[in-house]
Amino acid sequence: MSGAVNTTADDMAADEMAALAALKKRFVVMVAADMACVIAAAVSMVLYFSVHLGWGLVGFVLSLLAGFAVQVWFVSALRGAKRA
């Protein structure tokens, strides 16, 4: 009987490890996407202030919104992991 309990515990541990690996991958994707958004926002600000291109401000705002969206995507995965 204890063998069945250990198998269930092993299955639960494997599921937790898989969930942790998925969260780690999602975190790496979030950090990479946020870095891309920071770079895009910086370039947009340079274009807006130095080159006087009006659409640079639009690019800056869109970069900020994209960065926040990526963070919301990551946090939603954390909330989903806590419910399971």
# chains A, B, ... in the order shown; residues from 1 in each chain; ligands from 1
$ residues_around --residues "Leu23 (chain A)" --least-positions-apart "2" --cutoff "9 Å" --atoms "only C-alpha atoms" --output "PDB file with N, CA and C atoms, in the first residue's frame"
ATOM      1  N   ALA A  18       7.525  20.027 -13.225  1.00  0.00           N
ATOM      2  CA  ALA A  18       7.149  20.468 -14.575  1.00  0.00           C
ATOM      3  C   ALA A  18       6.552  21.869 -14.521  1.00  0.00           C
ATOM      4  N   ALA A  19       5.721  22.132 -13.504  1.00  0.00           N
ATOM      5  CA  ALA A  19       5.127  23.465 -13.361  1.00  0.00           C
ATOM      6  C   ALA A  19       6.204  24.499 -13.064  1.00  0.00           C
ATOM      7  N   LEU A  20       7.174  24.133 -12.244  1.00  0.00           N
ATOM      8  CA  LEU A  20       8.272  25.050 -11.927  1.00  0.00           C
ATOM      9  C   LEU A  20       9.117  25.343 -13.166  1.00  0.00           C
ATOM     10  N   ALA A  21       9.365  24.321 -13.969  1.00  0.00           N
ATOM     11  CA  ALA A  21      10.130  24.521 -15.206  1.00  0.00           C
ATOM     12  C   ALA A  21       9.373  25.426 -16.178  1.00  0.00           C
ATOM     13  N   LYS A  25      10.656  29.090 -17.493  1.00  0.00           N
ATOM     14  CA  LYS A  25      10.725  29.445 -18.921  1.00  0.00           C
ATOM     15  C   LYS A  25       9.935  30.726 -19.183  1.00  0.00           C
ATOM     16  N   ARG A  26       8.754  30.830 -18.570  1.00  0.00           N
ATOM     17  CA  ARG A  26       7.920  32.016 -18.753  1.00  0.00           C
ATOM     18  C   ARG A  26       8.618  33.255 -18.191  1.00  0.00           C
ATOM     19  N   PHE A  27       9.338  33.088 -17.074  1.00  0.00           N
ATOM     20  CA  PHE A  27      10.072  34.201 -16.486  1.00  0.00           C
ATOM     21  C   PHE A  27      11.177  34.684 -17.424  1.00  0.00           C
ATOM     22  N   VAL A  28      11.904  33.749 -18.005  1.00  0.00           N
ATOM     23  CA  VAL A  28      12.984  34.120 -18.930  1.00  0.00           C
ATOM     24  C   VAL A  28      12.415  34.854 -20.148  1.00  0.00           C
ATOM     25  N   PHE A  74       2.941  37.200 -17.220  1.00  0.00           N
ATOM     26  CA  PHE A  74       3.706  36.381 -16.279  1.00  0.00           C
ATOM     27  C   PHE A  74       2.973  36.232 -14.952  1.00  0.00           C
ATOM     28  N   ALA A  77       0.240  33.714 -14.929  1.00  0.00           N
ATOM     29  CA  ALA A  77       0.715  32.340 -14.798  1.00  0.00           C
ATOM     30  C   ALA A  77       0.988  31.994 -13.337  1.00  0.00           C
ATOM     31  N   LEU A  78       1.494  32.959 -12.579  1.00  0.00           N
ATOM     32  CA  LEU A  78       1.729  32.724 -11.151  1.00  0.00           C
ATOM     33  C   LEU A  78       0.410  32.500 -10.429  1.00  0.00           C
ATOM     34  N   ALA A  81      -0.819  29.068 -11.183  1.00  0.00           N
ATOM     35  CA  ALA A  81      -0.051  28.033 -10.499  1.00  0.00           C
ATOM     36  C   ALA A  81      -0.475  27.900  -9.040  1.00  0.00           C
TER      37      ALA A  81
END
$ atom_distance --atom1 "CA of Val70 (chain A)" --atom2 "CA of Ala36 (chain A)"
11.0 Å
